Amino acid sequence: MAEPRRTVTFSPPDVSPDDIDAVAEALRSGWITTGPRTKKFERAIAAKSGAARAATFSSATMALECALRALGIGPGDEVITSAYTYTASCSCICHVGATPVLCDVAPGSYEMDYGQLASLVTERTRAVIPVDIAGRMVDYRALFAALEGAARSGAWHPAGRSSLATEAEAAARRPLVLSDGAHSFGAAYDGAPSGSVADLTAFSFHAVKNLTTAEGGALAWRKGLFPDEELYRQLMLLSLHGQTKDALAKTAAGSWEYDIAFPGYKCNMTDLQAALGLSQLQRYDAMVARRHAIVAAYEQGLADLAIEVLAHEGSGSGVEAPFRSSAHLMLTRLVGADEAFRNRFIEQLADRGVAANVHYKPLPLLTAYRNLGFDAAAFPNALAQYRNEVTLPLHTSLSDEDVAYVIEAAHGAYGDAQEAR
Ligand SMILES: *Cc1c(COP(=O)(O)O)cnc(C)c1O
């Protein structure tokens, strides 16, 4: 095949001259590790997400892990997550020594089957990790109702190991919900921002995410459930060796002395990362708006193909709450197609210079989770959802011409994939 007319990359970082200046300024400031910019970034994240507070980490994965540890979740406890997600939603459960329990998605959905979820709750269930895939917050009403129902039926009762978790569970009267919000910073559900709906929410600022700090993550938690200062203090100890004073506090003249409360981890965010995050935050609403405009162009341009796209906005009808995603991923499904057709379609797009991806290969198909005993056959809906999924490029460096080109390429690729059948 001839050289394509255009190449469209999947998800390059959007770094502006202002972002570069902000990082350079942090470098020149004399303070490059966790310090004033990190604290300012945490306050800005909490404000933007309607959360009580936010704590930053080196990644969303470490935010999830430290959340589980702060809640005292570990060996003997069960944590439920979706079979249809990235490994980080589940590896954090393994890291703390708890038992991962996987829930299939509902037919034709990227969300857990809430009926099955309720049936998976036992008296050992300490938390549930739903995944806001593509930046669309899950149906939290249905999720909470399923967990409350399981608790009322007697399948569950509060029994957290740490006082933090015990009191929060007792107040919530259901297992705690720790959202994998790696995609959903800036999204809303029923008018409430991601970070204020689940009990706790982990955001990712990895290079491919909507808002980036190169690598980085944050944990936000909703108002009124936890002793905020105590939880924040625990998270900071976990992220920095269990050390009672961070580097900034220790530099104050005469305050050299510190203690190590327990052998903690080392997964703090730096001021260089926070400087980039703060700068990105200033134009974040415009970035999300641009993403939504691209989604709308795709929806229109692909309407004549047998391609179903995940809705990124809904006005709420019947039991469905209104929602607006952060438009992180352009998830599409090739209606009625099998895996071979889907793979040919992706190859045909690649021949046309367009990078596409699949989100996600269900966990039971991966060696790590097969080795833990999960059998793909037990997750038929996740497999069906995965088989014909294709994720198209969606990012703020796409021009209108790029989007038109991807739409044209998708038409050509679809036709050629059909011919090869
Ligand atoms: C990116 C991602 C993560 C992990 O984020 P890191 O910041 O790289 O740890 C977790 N869950 C999902 C669904 C992701 O896409």
# chains A, B, ... in the order shown; residues from 1 in each chain; ligands from 1
>>> residues_around(residues="Ala297 in chain A", least_positions_apart="5", cutoff="9 Å", atoms="only C-alpha atoms", output="list in words")
His292, Leu302, Asp400, Val403, Ala404 and Ile407 of chain A
>>> residues_near_ligand(ligand="ligand 1", cutoff="10 Å", atoms="only C-alpha atoms and all ligand atoms", output="ChimeraX atom specification")
/A:57-65,84-92,130-135,179-184,202-209,212-218,328-329,359-360
>>> write_last_selection(atoms="C-alpha atoms", output="compact mmCIF listing (two decimals), in the first residue's frame")
# COMPACT_ATOMS: atom_id res chain seq x y z
CA PHE A 57 0.77 10.42 44.14
CA SER A 58 3.23 9.23 41.50
CA SER A 59 0.35 7.52 39.63
CA ALA A 60 -3.31 6.59 39.81
CA THR A 61 -2.21 3.04 40.53
CA MET A 62 -0.44 4.19 43.69
CA ALA A 63 -3.41 6.40 44.59
CA LEU A 64 -5.64 3.29 44.46
CA GLU A 65 -3.16 1.20 46.41
CA TYR A 84 -13.49 -5.10 31.78
CA THR A 85 -10.73 -2.69 32.76
CA TYR A 86 -7.04 -1.98 32.76
CA THR A 87 -4.88 -4.11 35.07
CA ALA A 88 -4.34 -1.24 37.56
CA SER A 89 -7.94 -1.48 38.84
CA CYS A 90 -7.14 -5.00 39.99
CA SER A 91 -3.37 -5.12 40.57
CA CYS A 92 -3.80 -2.64 43.45
CA PRO A 130 -15.92 0.64 39.52
CA VAL A 131 -14.23 2.04 36.41
CA ASP A 132 -15.33 5.27 34.71
CA ILE A 133 -14.32 3.96 31.28
CA ALA A 134 -13.74 6.54 28.55
CA GLY A 135 -14.36 9.29 31.09
CA SER A 179 -13.65 4.61 41.86
CA ASP A 180 -10.99 4.06 39.22
CA GLY A 181 -11.49 7.53 37.80
CA ALA A 182 -8.26 7.42 35.78
CA HIS A 183 -10.31 8.70 32.82
CA SER A 184 -13.00 10.77 34.49
CA ALA A 202 -8.43 7.96 41.87
CA PHE A 203 -7.47 10.20 38.93
CA SER A 204 -4.57 9.56 36.54
CA PHE A 205 -2.37 12.25 35.03
CA HIS A 206 -0.32 9.80 32.96
CA ALA A 207 1.00 11.09 29.62
CA VAL A 208 -1.95 9.72 27.60
CA LYS A 209 -4.67 11.00 29.92
CA THR A 212 -1.14 15.21 32.28
CA THR A 213 1.69 15.66 34.72
CA ALA A 214 3.77 13.19 32.59
CA GLU A 215 3.21 10.61 35.33
CA GLY A 216 1.03 11.25 38.32
CA GLY A 217 -2.24 10.62 40.06
CA ALA A 218 -4.49 11.87 42.81
CA HIS A 328 -11.32 10.65 27.26
CA LEU A 329 -11.65 7.73 24.82
CA HIS A 359 -9.82 -0.81 25.36
CA TYR A 360 -9.70 -3.27 27.06
>>> select_by_dssp(residues="range 223-421 of chain A", states="alpha helix (DSSP H)", output="VMD selection string")
chain A and resid 228 to 239 247 to 251 271 to 282 284 to 301 339 to 351 367 to 370 380 to 387 400 to 419
>>> atom_distance(atom1="CA of Gly412 in chain A", atom2="CA of Val295 in chain A")
19.6 Å
>>> closest_residue(among="A:Val138, A:Val354, A:Leu394, A:Leu71", to="Pro4 in chain A", atoms="only C-alpha atoms")
A:Val354
>>> select_by_dssp(residues="range 125-308 of chain A", states="strand (DSSP E or B)", output="PyMOL selection string")
chain A and resi 125-129+131+176-180+188-189+192-193+200-204+217-221+240+243+260+266+307-308
>>> residues_around(residues="Tyr232 in chain A", least_positions_apart="4", cutoff="7 Å", atoms="only C-alpha atoms", output="tab-separated table (two decimals) with N, CA, C and O atoms, in the first residue's frame")
chain	number	residue	atom	x	y	z
A	55	ALA	N	-5.27	14.15	47.51
A	55	ALA	CA	-3.86	13.86	47.82
A	55	ALA	C	-3.22	13.36	46.54
A	55	ALA	O	-3.81	12.56	45.82
A	228	ASP	N	-11.28	14.14	57.35
A	228	ASP	CA	-10.46	14.55	56.19
A	228	ASP	C	-8.99	14.72	56.52
A	228	ASP	O	-8.12	14.25	55.78
A	236	MET	N	-0.39	10.80	53.13
A	236	MET	CA	0.93	11.42	52.97
A	236	MET	C	2.01	10.54	53.60
A	236	MET	O	3.10	10.38	53.05
>>> closest_residue(among="A:Lys361, A:His241, A:Arg174, A:Lys223", to="Leu143 in chain A", atoms="only C-alpha atoms")
A:Arg174
>>> closest_residue(among="A:Arg152, A:Arg173, A:Lys250, A:His95", to="Ala67 in chain A", atoms="only C-alpha atoms")
A:His95
>>> atom_distance(atom1="CA of Asp351 in chain A", atom2="CA of Leu392 in chain A")
14.4 Å
>>> closest_residue(among="A:Pro227, A:Gly115, A:Pro75, A:Arg126", to="Thr99 in chain A", atoms="only C-alpha atoms")
A:Pro75
>>> residues_around(residues="Asn381 in chain A", least_positions_apart="6", cutoff="12 Å", atoms="only C-alpha atoms", output="list in words")
Ser82, Ala83, Tyr84, Cys103, Asp104, Val105, Ala106, Pro107, Gly108, Ser109, Tyr110, Glu111, Met112, Asp113, Gln116, Pro362, Arg387 and Asn388 of chain A
